[in-house]
Amino acid sequence: ERTRRQFMLYMHSKGYFLAEVRDTVILRNNKALVHYTVRGNQAYHIRNIRLNIRDDHVAGFIGADIENSLLRSGQRYDADILQKERERVTRFMRSQGFFHFSRDFITFQIDSTLGTHQADIEMTVHNPPTVRGSQSDTLSRPRHRRFVINQVQIFPDFNAFSPQADYADTTLFRPGRSDQGPAFVFLHNGPMRIRPQAITSNILLEPGQHYAIGQVEQTHNYLSGLRNFRFINIQFIEARGLENERTDTTGMLNARVQLTRAPTYAYTIEAEGL
């Protein structure tokens with residue numbers, strides 16, 4: 001019965017809501033052979049796709065990217081495509097600065113009761129959960145915030161066993177020759193053993209830019225390609241003390257690039273005459 005149910009669930013996930021699964025047990029030589037017959041019948045296809053986005057700010061971004069949707073009218077219903085669409089929208093939003101956006105905010109409602117072997121799909125993008133205000137009993141209804149990078153802090157001698165360690169030296173480094181423009185903040189103890197330019201030239205994150213998941217991933221790959229570090233971590237925390245820069249739809253992040261140098265080895269080559 002369990003196996004038959006799994007067959008049914010799979011067929012339903014592929015749009016065969018009227019599928020039939022039958023099992024036949026054949027006894028032979030004191031052994032039971034189970035034969036399953038699966039009949040899909042007519043598949044259901046998508047008729048209408050509706051977006052239900054409760055935040056106008058978010059709706060503008062998702063609506064502008066609708067041409068890249070994986071869902072199309074006339075397409076056979078497939079639950080795997082819905083999951084891929086959820087992941088696609090989530091990554092798109094995180095590439096547009098929505099740092100806290102996750103796939104959990106996206107749900108699908110399927111209506112297959114039309115009687116025409118068709119299904120209507122409604123994709124809902126929920127707001128963050130309601131929270132209670134700190135100074136009153138009123139409830140605030142949060143919106144999805146789009147984050148800008150405030151600082152890029154680099155820890156070239158990070159110790160994962162002492163993550164909260166204090167650093168005696170702070171160095172501001174600007175990649176260009178001008179004193180203007182965004183600066184990278186190096187936090188270290190004593191002279192740095194690697195040139196700041198060697199690190200910053202491989203970091204795609206800059207103050208003033210919107211958070212973008214793709215740039216975070218590329219930065220990690222570029223730093224790994226240097227082969228100078230055995231530990232690389234890029235962490236983001238909301239910047240504090242910048243209330244004038246924060247609204248219900250915007251926020252500021254500090255990026256923390258934590259690097260632990262790989263051990264260096266010395267090799268000695270000796271030649272002996274024969």
# chains A, B, ... in the order shown; residues from 1 in each chain; ligands from 1

call {"tool": "residues_around", "arguments": {"residues": "A:Arg50", "least_positions_apart": "3", "cutoff": "10 Å", "atoms": "only C-alpha atoms", "output": "VMD selection string"}}
result
chain A and resid 53 108 to 109 120 to 124

call {"tool": "select_by_dssp", "arguments": {"residues": "stretch 138-238 of chain A", "states": "strand (DSSP E or B)", "output": "JSON, numbers by chain"}}
result
{"A": [139, 140, 146, 147, 148, 149, 150, 151, 152, 153, 154, 155, 169, 170, 171, 172, 173, 184, 185, 186, 187, 188, 210, 229, 230, 231, 232, 233, 234, 235, 236, 237, 238]}

call {"tool": "closest_residue", "arguments": {"among": "A:Gly251, A:Asn29, A:Pro263, A:Arg143", "to": "A:Asp157", "atoms": "only C-alpha atoms"}}
result
A:Pro263

call {"tool": "residues_around", "arguments": {"residues": "A:Pro128", "least_positions_apart": "4", "cutoff": "9 Å", "atoms": "only C-alpha atoms", "output": "list in words"}}
result
Phe101, Phe105, Arg141, Pro142, Arg143 and His144 of chain A

call {"tool": "residues_around", "arguments": {"residues": "stretch 66-70 of chain A", "least_positions_apart": "6", "cutoff": "9 Å", "atoms": "only C-alpha atoms", "output": "list in words"}}
result
Ile81, Leu82, Lys84, Glu85, Arg88 and Val89 of chain A

call {"tool": "residues_around", "arguments": {"residues": "A:Asn189", "least_positions_apart": "3", "cutoff": "7 Å", "atoms": "only C-alpha atoms", "output": "PyMOL selection string"}}
result
chain A and resi 167-169

call {"tool": "residues_around", "arguments": {"residues": "A:His35", "least_positions_apart": "3", "cutoff": "10 Å", "atoms": "only C-alpha atoms", "output": "number ranges by chain"}}
result
A: 22-26, 32, 38
